[in-house]
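Reproduced below: entry08.txt, with compact mmCIF, C-alpha atoms.
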```txt
# COMPACT_ATOMS: atom_id res chain seq x y z
CA MET J 1494 -6.79 11.99 -5.45
CA MET J 1495 -9.25 9.54 -3.83
CA MET J 1496 -7.39 6.93 -1.80
CA ASP J 1497 -9.35 3.83 -2.91
CA ILE J 1498 -8.93 4.62 -6.60
CA ALA J 1499 -5.24 5.32 -6.07
CA TRP J 1500 -4.70 1.87 -4.50
CA ILE J 1501 -6.68 0.11 -7.26
CA LEU J 1502 -4.60 1.93 -9.89
CA LEU J 1503 -1.46 0.91 -8.01
CA LEU J 1504 -2.47 -2.78 -8.06
CA VAL J 1505 -3.24 -2.52 -11.79
CA GLY J 1506 0.16 -0.90 -12.36
CA PHE J 1507 1.83 -3.65 -10.34
CA ALA J 1508 0.05 -6.36 -12.39
CA ALA J 1509 1.27 -4.80 -15.64
CA ALA J 1510 4.82 -4.35 -14.33
CA PHE J 1511 5.01 -7.89 -12.96
CA LEU J 1512 3.63 -9.38 -16.19
CA ILE J 1513 6.56 -7.85 -18.07
CA ARG J 1514 9.09 -9.08 -15.49
CA ALA J 1515 7.59 -12.60 -15.51
CA THR J 1516 7.83 -12.63 -19.31
CA GLY J 1517 11.52 -11.80 -18.97
CA VAL J 1518 12.04 -14.67 -16.50
CA VAL J 1519 10.36 -17.17 -18.85
CA ILE J 1520 12.37 -16.00 -21.89
CA SER J 1521 15.62 -16.05 -19.88
CA GLY J 1522 15.22 -19.81 -19.42
CA HIS J 1523 15.93 -20.19 -23.15
CA VAL J 1524 18.91 -17.82 -23.38
CA GLU J 1525 22.52 -18.79 -22.60
CA PRO J 1526 25.30 -16.29 -21.77
CA GLU J 1527 28.00 -15.77 -24.44
CA THR J 1528 25.62 -16.34 -27.34
CA PRO J 1529 24.54 -13.88 -30.06
CA LEU J 1530 20.97 -13.92 -28.70
CA PHE J 1531 22.24 -12.89 -25.25
CA ASP J 1532 24.31 -10.08 -26.77
CA TRP J 1533 21.35 -8.90 -28.84
CA PHE J 1534 19.15 -8.65 -25.74
CA ALA J 1535 21.95 -6.73 -23.95
CA CYS J 1536 22.19 -4.30 -26.91
CA VAL J 1537 18.42 -3.73 -26.91
CA GLY J 1538 18.56 -3.12 -23.15
CA GLN J 1539 21.40 -0.62 -23.51
CA ALA J 1540 19.59 1.19 -26.35
CA LEU J 1541 16.37 1.37 -24.29
CA VAL J 1542 17.96 2.48 -21.01
CA GLY J 1543 20.45 4.83 -22.73
CA GLY J 1544 17.74 6.36 -24.91
CA LEU J 1545 15.44 6.90 -21.94
CA MET J 1546 18.21 8.53 -19.93
CA VAL J 1547 19.23 10.86 -22.78
CA ARG J 1548 15.56 11.76 -23.20
CA ALA J 1549 15.28 12.45 -19.46
CA ILE J 1550 18.21 14.88 -19.76
CA LEU J 1551 17.48 16.55 -23.11
CA LEU J 1552 13.65 16.57 -23.03
CA PRO J 1553 12.82 16.44 -19.33
CA THR J 1554 9.24 16.39 -18.03
CA THR J 1555 10.53 17.15 -14.52
CA PRO J 1556 11.73 20.46 -12.98
CA LEU J 1557 15.06 19.70 -14.70
CA ALA J 1558 13.39 21.48 -17.64
CA GLU J 1559 13.84 24.73 -15.69
CA THR J 1560 17.58 24.56 -16.46
CA LEU J 1561 19.01 25.61 -19.82
CA LEU J 1562 19.69 22.89 -22.39
CA ALA J 1563 23.16 24.38 -22.96
CA ASP J 1564 23.93 24.05 -19.24
CA ARG J 1565 22.79 20.41 -19.23
CA LEU J 1566 25.02 19.66 -22.22
CA ILE J 1567 28.01 21.34 -20.53
CA ALA J 1568 27.30 19.33 -17.36
CA ILE J 1569 27.22 16.06 -19.33
CA ALA J 1570 30.45 17.01 -21.12
CA ALA J 1571 32.13 17.77 -17.78
CA ALA J 1572 30.99 14.45 -16.32
CA PHE J 1573 32.15 12.49 -19.40
CA LEU J 1574 35.49 14.31 -19.38
CA MET J 1575 36.00 13.44 -15.73
CA PHE J 1576 34.92 9.85 -16.40
CA PHE J 1577 37.41 9.23 -19.23
CA LEU J 1578 40.31 11.25 -17.77
CA ALA J 1579 40.07 9.97 -14.19
CA GLY J 1580 39.96 6.22 -14.62
CA ARG J 1581 36.23 5.75 -15.27
CA LYS J 1582 35.20 6.52 -11.70
CA LEU J 1583 31.40 6.67 -11.54
CA LEU J 1584 30.60 8.66 -8.40
CA PRO J 1585 33.14 11.52 -8.81
CA SER J 1586 32.12 11.87 -12.48
CA THR J 1587 28.43 12.01 -11.60
CA PHE J 1588 29.14 14.55 -8.85
CA VAL J 1589 31.07 16.74 -11.31
CA GLY J 1590 28.07 16.70 -13.67
CA VAL J 1591 25.55 17.64 -10.98
CA ALA J 1592 27.85 20.28 -9.47
CA THR J 1593 28.54 21.82 -12.90
CA LEU J 1594 24.83 22.16 -13.58
CA ALA J 1595 24.18 23.65 -10.13
CA ILE J 1596 27.04 26.16 -10.45
CA LEU J 1597 25.98 27.23 -13.96
CA GLY J 1598 22.42 27.71 -12.73
CA MET J 1599 23.58 29.83 -9.79
CA LEU J 1600 25.88 31.93 -12.00
CA ARG J 1601 23.02 32.66 -14.39
CA SER J 1602 20.75 33.75 -11.54
CA LEU J 1603 23.25 36.31 -10.21
CA MET K 1221 5.86 15.04 -9.01
CA THR K 1222 3.85 12.84 -6.61
CA GLN K 1223 3.62 15.57 -3.98
CA ALA K 1224 2.58 18.14 -6.57
CA GLY K 1225 -0.15 15.71 -7.73
CA ASP K 1226 -1.47 15.35 -4.15
CA MET K 1227 -0.60 11.63 -4.07
CA ASP K 1228 -0.63 10.05 -0.60
CA VAL K 1229 2.84 9.20 0.75
CA TRP K 1230 1.85 5.53 1.29
CA VAL K 1231 0.65 5.19 -2.30
CA MET K 1232 3.90 6.79 -3.45
CA LEU K 1233 5.97 4.36 -1.35
CA GLY K 1234 3.76 1.45 -2.46
CA SER K 1235 4.41 2.39 -6.08
CA VAL K 1236 8.17 2.35 -5.49
CA VAL K 1237 7.95 -1.12 -3.88
CA LEU K 1238 5.51 -2.74 -6.32
CA ILE K 1239 6.41 -1.11 -9.67
CA TRP K 1240 10.12 -0.39 -9.04
CA SER K 1241 11.15 0.94 -12.41
CA MET K 1242 11.74 4.64 -13.11
CA PRO K 1243 9.92 4.96 -16.47
CA ALA K 1244 7.00 2.86 -15.21
CA LEU K 1245 6.91 4.81 -11.93
CA MET K 1246 6.83 8.13 -13.75
CA THR K 1247 4.11 6.75 -16.03
CA PHE K 1248 2.13 5.53 -13.01
CA SER K 1249 2.37 8.95 -11.36
CA GLU K 1250 1.34 10.79 -14.51
CA VAL K 1251 -1.65 8.53 -15.27
CA ALA K 1252 -2.76 8.49 -11.60
CA VAL K 1253 -2.46 12.26 -11.17
CA VAL K 1254 -4.41 13.05 -14.36
CA GLY K 1255 -7.11 10.53 -13.36
CA GLY K 1256 -6.53 7.92 -16.08
CA GLY K 1257 -8.62 4.72 -16.00
CA ILE K 1258 -7.66 1.15 -15.20
CA TRP K 1259 -6.97 0.07 -18.80
CA ALA K 1260 -5.00 3.22 -19.54
CA MET K 1261 -2.89 2.49 -16.46
CA PHE K 1262 -2.37 -1.16 -17.42
CA ALA K 1263 -1.32 -0.39 -21.00
CA ALA K 1264 0.86 2.58 -20.07
CA VAL K 1265 2.81 0.74 -17.34
CA LEU K 1266 3.10 -2.37 -19.55
CA PHE K 1267 4.80 -0.44 -22.35
CA ALA K 1268 6.84 1.75 -20.01
CA ASN K 1269 8.22 -1.38 -18.36
CA LEU K 1270 9.28 -3.07 -21.61
CA ARG K 1271 12.92 -2.17 -21.07
CA ASN K 1272 12.97 -4.68 -18.18
CA ILE K 1273 12.67 -7.68 -20.51
CA PRO K 1274 16.18 -7.44 -22.02
CA MET K 1275 17.59 -6.57 -18.58
CA ILE K 1276 16.08 -9.68 -16.97
CA VAL K 1277 16.87 -11.93 -19.94
CA THR K 1278 20.57 -10.98 -19.76
CA SER K 1279 20.92 -10.91 -15.95
CA LEU K 1280 19.34 -14.20 -14.91
CA PRO K 1281 21.51 -16.51 -17.09
CA LEU K 1282 24.58 -14.96 -15.41
CA ILE K 1283 23.48 -15.70 -11.84
CA ARG K 1284 21.45 -18.89 -11.84
CA THR K 1285 22.78 -22.42 -11.49
CA GLU K 1286 19.66 -24.21 -12.77
CA ARG K 1287 18.13 -23.67 -16.18
CA ARG K 1288 14.50 -24.04 -15.04
CA PRO K 1289 13.16 -20.71 -13.63
CA GLY K 1290 12.25 -20.86 -9.92
CA TRP K 1291 10.59 -18.48 -7.45
CA GLN K 1292 13.97 -16.93 -6.67
CA ASP K 1293 14.20 -15.86 -10.31
CA PHE K 1294 10.85 -14.07 -10.08
CA LEU K 1295 11.96 -12.38 -6.85
CA PHE K 1296 15.26 -11.30 -8.44
CA ALA K 1297 13.41 -10.03 -11.52
CA GLN K 1298 11.10 -7.96 -9.30
CA LEU K 1299 14.11 -6.41 -7.52
CA LEU K 1300 16.20 -5.82 -10.65
CA SER K 1301 17.04 -2.21 -11.51
CA PRO K 1302 19.29 -0.77 -14.25
CA THR K 1303 22.04 -0.28 -11.65
CA THR K 1304 22.02 -3.96 -10.64
CA TRP K 1305 21.67 -5.07 -14.25
CA LEU K 1306 24.68 -3.12 -15.48
CA HIS K 1307 26.79 -4.24 -12.53
CA SER K 1308 25.81 -7.87 -13.24
CA LEU K 1309 27.06 -7.44 -16.83
CA MET K 1310 30.30 -5.82 -15.65
CA ASP K 1311 31.18 -7.79 -12.52
CA SER K 1312 29.76 -11.33 -12.88
CA ASP K 1313 33.05 -12.73 -14.14
CA ARG K 1314 34.76 -11.69 -10.90
CA ILE K 1315 32.26 -13.50 -8.63
CA PRO K 1316 32.03 -17.31 -8.34
CA LEU K 1317 28.85 -18.61 -9.95
CA LYS K 1318 27.51 -20.18 -6.75
CA SER K 1319 27.78 -16.82 -4.92
CA ARG K 1320 26.36 -14.59 -7.64
CA ARG K 1321 22.67 -14.92 -6.76
CA SER K 1322 23.30 -14.02 -3.10
CA TYR K 1323 25.65 -11.18 -4.07
CA PHE K 1324 23.34 -9.55 -6.60
CA THR K 1325 20.20 -10.11 -4.49
CA ALA K 1326 21.92 -8.30 -1.60
CA PHE K 1327 23.08 -5.64 -4.09
CA SER K 1328 19.48 -5.23 -5.33
CA LEU K 1329 18.07 -5.02 -1.80
CA THR K 1330 20.63 -2.32 -0.94
CA VAL K 1331 19.62 -0.28 -4.00
CA PHE K 1332 15.95 -0.94 -3.17
CA ALA K 1333 16.29 0.19 0.47
CA SER K 1334 18.27 3.27 -0.57
CA ALA K 1335 15.56 4.18 -3.08
CA LEU K 1336 12.85 3.89 -0.42
CA VAL K 1337 14.81 6.13 1.95
CA GLY K 1338 15.52 8.54 -0.91
CA ALA K 1339 11.85 8.63 -1.96
CA THR K 1340 10.73 9.37 1.61
CA VAL K 1341 13.38 12.03 2.15
CA GLY K 1342 12.59 13.55 -1.25
CA TYR K 1343 8.83 13.59 -0.60
CA PHE K 1344 9.12 15.38 2.74
CA GLY K 1345 12.44 17.17 2.32
CA VAL K 1346 12.08 18.79 -1.09
CA GLU K 1347 10.59 21.98 0.40
CA TYR K 1348 13.66 22.46 2.63
CA LEU K 1349 16.12 22.17 -0.26
CA PRO K 1350 17.36 25.49 -1.75
CA ALA K 1351 15.25 26.14 -4.85
CA GLU K 1352 18.27 26.49 -7.14
CA LEU K 1353 19.55 23.02 -6.15
CA ARG K 1354 16.35 21.06 -6.91
CA PRO K 1355 16.52 20.96 -10.73
CA PRO K 1356 20.27 20.09 -10.93
CA LEU K 1357 19.76 17.07 -8.63
CA LEU K 1358 17.33 15.59 -11.16
CA ILE K 1359 20.18 15.02 -13.64
CA LEU K 1360 21.91 12.70 -11.14
CA THR K 1361 20.12 9.41 -11.95
CA PRO K 1362 20.13 9.60 -15.78
CA LEU K 1363 23.75 10.80 -15.80
CA TYR K 1364 24.85 8.01 -13.44
CA LEU K 1365 23.13 5.34 -15.58
CA LEU K 1366 24.67 6.73 -18.78
CA LEU K 1367 28.12 6.50 -17.19
CA ILE K 1368 27.45 2.91 -16.05
CA ILE K 1369 26.51 1.96 -19.62
CA LEU K 1370 29.80 3.48 -20.79
CA SER K 1371 31.55 1.24 -18.25
CA VAL K 1372 30.42 -1.89 -20.14
CA ARG K 1373 33.25 -1.87 -22.68
CA ARG K 1374 31.79 -3.42 -25.80
CA LEU K 1375 31.55 -1.77 -29.25
CA SER K 1376 28.05 -3.13 -29.91
CA GLY K 1377 26.92 -1.73 -26.54
CA TYR K 1378 28.38 1.74 -27.25
CA LEU K 1379 26.74 1.80 -30.69
CA SER K 1380 23.39 0.68 -29.24
CA LEU K 1381 23.61 3.50 -26.71
CA VAL K 1382 24.38 6.08 -29.43
CA PHE K 1383 21.59 4.84 -31.73
CA GLY K 1384 19.13 4.64 -28.82
CA ALA K 1385 20.06 8.14 -27.67
CA ALA K 1386 19.58 9.48 -31.21
CA ALA K 1387 16.32 7.68 -31.98
CA LEU K 1388 14.29 7.30 -28.79
CA PRO K 1389 13.69 10.98 -27.93
CA TYR K 1390 12.30 11.63 -31.42
CA LEU K 1391 10.32 8.39 -31.70
CA MET K 1392 8.83 8.87 -28.23
CA ALA K 1393 7.70 12.37 -29.24
CA TRP K 1394 5.66 10.60 -31.93
CA SER K 1395 4.32 7.86 -29.62
CA VAL K 1396 5.62 7.25 -26.10
CA GLU K 1397 4.73 3.55 -26.02
CA TRP K 1398 5.46 2.51 -29.61
CA GLY K 1399 8.44 4.84 -29.89
CA LEU K 1400 9.99 3.18 -26.85
CA ALA K 1401 9.39 -0.35 -28.12
CA LEU K 1402 10.33 0.18 -31.78
CA GLY K 1403 13.20 2.55 -31.03
CA GLY K 1404 14.77 0.18 -28.51
CA LEU K 1405 14.44 -2.84 -30.77
CA GLY K 1406 15.71 -0.98 -33.85
CA ALA K 1407 18.61 0.82 -32.16
CA GLY K 1408 19.71 -2.29 -30.24
CA THR K 1409 19.56 -4.48 -33.34
CA LEU K 1410 21.49 -1.93 -35.40
CA GLY K 1411 24.16 -1.60 -32.70
CA PHE K 1412 24.40 -5.38 -32.41
CA LEU K 1413 24.81 -5.91 -36.17
CA ILE K 1414 27.21 -3.01 -36.87
CA GLY K 1415 29.17 -3.79 -33.71
CA GLY K 1416 29.91 -7.25 -35.05
CA GLY K 1417 27.74 -9.25 -32.65
CA LEU K 1418 27.23 -12.07 -35.14
CA ARG K 1419 30.76 -11.99 -36.56
CA ARG K 1420 32.44 -12.01 -33.13
CA LYS K 1421 30.56 -15.10 -32.02
CA ALA K 1422 31.03 -16.85 -35.34
CA SER K 1423 34.80 -16.40 -35.12
CA SER K 1424 34.96 -17.51 -31.48
```

How does this structure look as structure tokens?
Amino acid sequence: MMMDIAWILLLVGFAAAFLIRATGVVISGHVEPETPLFDWFACVGQALVGGLMVRAILLPTTPLAETLLADRLIAIAAAFLMFFLAGRKLLPSTFVGVATLAILGMLRSL
Amino acid sequence: MTQAGDMDVWVMLGSVVLIWSMPALMTFSEVAVVGGGIWAMFAAVLFANLRNIPMIVTSLPLIRTERRPGWQDFLFAQLLSPTTWLHSLMDSDRIPLKSRRSYFTAFSLTVFASALVGATVGYFGVEYLPAELRPPLLILTPLYLLLIILSVRRLSGYLSLVFGAAALPYLMAWSVEWGLALGGLGAGTLGFLIGGGLRRKASS
């Protein structure tokens, strides 16, 4: 990729990204916590982020696609199980999910 | 992805600093690597970054002491990530209002610095990682964020997550940009209404 074009594209990407963030700042000046409008924005945020993350796991465009869908589902189940059984601890639960996927992958390649 | 697309390491690091949002970063990399034009880049990053609006709109009212937006708000918005956002929703009540901006700005900068280190290590270190470990590591970020969302204990939030998870993958297969925008708005609104968002506030 030519360097100059890459930097121009990066500045264009930054302009687009900052425009969205600035829009959020302006809107936030009209929203109070503990109001239905605040809760609605939080719900839309959780739907967007959650949906994107589920898509990243179930329909990955990264090398994660090299793993089996069944293995990814088992890894998620293991992480959720750990999360709800062990006091909602984030890091151990995430580690269990990653380790489960790695172990399943290694077992299948034996 | 960036190394495979022959992107310079400084452009890659610049994209992390200036764009700082996973969907928008992945979009930037894809459009840049396939040689997309300026307008394609602008539109793609704009839509991919839409999810930041509800995050910023619900984070800033929790941390600021003045209603009128200032430069610190724009700085905080630029640094905001899903990790900081979800922690601001979960933990704001436990931090005095006057300390929240400093706390969450420091939190954001820590996440930001860690991401820069991680991006650099990933760019140069991926070839030294055992091949069978590379794909499993890519589930780490989405899994961690899903678990953080589950930590925000609110029925409307859980329902929004479920509806978003069910709708977005299919809608984004139809149109990445419009599927993201319409799916997020629809799933979030449905979760808010079924979860009693209006009723709860009316009764309180």

Which residues of chain J sit at most 6 Å from chain K, using all atoms listed in the file? Give each one's shortest atom pair and distance in Å (one decimal place), in chain and ascending residue order, as a Markdown table.
```
| residue | atom | partner | partner_atom | distance |
| --- | --- | --- | --- | --- |
| J:Val1505 | CA | K:Phe1262 | CA | 5.9 |
| J:Gly1506 | CA | K:Phe1262 | CA | 5.7 |
| J:Phe1507 | CA | K:Ile1239 | CA | 5.3 |
| J:Ala1509 | CA | K:Leu1266 | CA | 5.0 |
| J:Ala1510 | CA | K:Leu1266 | CA | 5.8 |
| J:Arg1514 | CA | K:Ala1297 | CA | 5.9 |
| J:Gly1517 | CA | K:Ile1273 | CA | 4.5 |
| J:Ser1521 | CA | K:Val1277 | CA | 4.3 |
| J:Gly1522 | CA | K:Arg1287 | CA | 5.8 |
| J:Trp1533 | CA | K:Phe1412 | CA | 5.9 |
| J:Phe1534 | CA | K:Pro1274 | CA | 4.9 |
| J:Cys1536 | CA | K:Gly1408 | CA | 4.6 |
| J:Val1537 | CA | K:Gly1408 | CA | 3.9 |
| J:Gly1538 | CA | K:Pro1274 | CA | 5.1 |
| J:Gln1539 | CA | K:Leu1381 | CA | 5.7 |
| J:Ala1540 | CA | K:Gly1384 | CA | 4.3 |
| J:Leu1541 | CA | K:Gly1404 | CA | 4.7 |
| J:Gly1543 | CA | K:Leu1381 | CA | 5.3 |
| J:Gly1544 | CA | K:Ala1385 | CA | 4.0 |
| J:Met1546 | CA | K:Pro1362 | CA | 4.7 |
| J:Val1547 | CA | K:Ala1385 | CA | 5.7 |
| J:Arg1548 | CA | K:Pro1389 | CA | 5.1 |
| J:Pro1556 | CA | K:Pro1355 | CA | 5.3 |
| J:Leu1557 | CA | K:Pro1355 | CA | 4.4 |
| J:Thr1587 | CA | K:Tyr1364 | CA | 5.7 |
| J:Val1591 | CA | K:Pro1356 | CA | 5.8 |
| J:Leu1594 | CA | K:Pro1356 | CA | 5.7 |
| J:Ala1595 | CA | K:Pro1356 | CA | 5.3 |
```

Enclose all atoms of segment 1322-1330 of chain K listed in the file in an axis-aligned box, grow every side by 8 Å, and hand back centre and edge lengths in Å to one decimal, as lines of an AutoDock Vina configuration file.
```
center_x = 21.9
center_y = -8.2
center_z = -3.8
size_x = 23.6
size_y = 27.7
size_z = 21.7
```

Ref. answer, residues at most 9 Å from (17.7, 5.4, -7.4) with only C-alpha atoms, as a PDB file with C-alpha atoms, in the coordinates of the input:
```
ATOM      1  CA  MET K1242      11.740   4.640 -13.110  1.00  0.00           C
ATOM      2  CA  SER K1301      17.040  -2.210 -11.510  1.00  0.00           C
ATOM      3  CA  THR K1303      22.040  -0.280 -11.650  1.00  0.00           C
ATOM      4  CA  VAL K1331      19.620  -0.280  -4.000  1.00  0.00           C
ATOM      5  CA  PHE K1332      15.950  -0.940  -3.170  1.00  0.00           C
ATOM      6  CA  SER K1334      18.270   3.270  -0.570  1.00  0.00           C
ATOM      7  CA  ALA K1335      15.560   4.180  -3.080  1.00  0.00           C
ATOM      8  CA  LEU K1336      12.850   3.890  -0.420  1.00  0.00           C
ATOM      9  CA  GLY K1338      15.520   8.540  -0.910  1.00  0.00           C
ATOM     10  CA  ALA K1339      11.850   8.630  -1.960  1.00  0.00           C
ATOM     11  CA  THR K1361      20.120   9.410 -11.950  1.00  0.00           C
TER      12      THR K1361
END
```

Mind pulling up the distance from atom CA of Ile1569 of chain J to atom CA of Leu1349 of chain K?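 Atom-to-atom, atom CA of Leu1349 of chain K and atom CA of Ile1569 of chain J are spaced 22.9 Å apart.
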
Straight-line distance linking atom CA of Ser1322 of chain K with atom CA of Ala1535 of chain J, stated in Å to one decimal: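 Going from atom CA of Ser1322 of chain K over to atom CA of Ala1535 of chain J covers 22.1 Å.
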
Find the residue from K:Gly1345, K:Val1229, K:Ala1326, K:Ile1283 that sits nearest to Pro1526 of chain J; use only C-alpha atoms when measuring.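 Smallest distance to Pro1526 of chain J is found for K:Ile1283.
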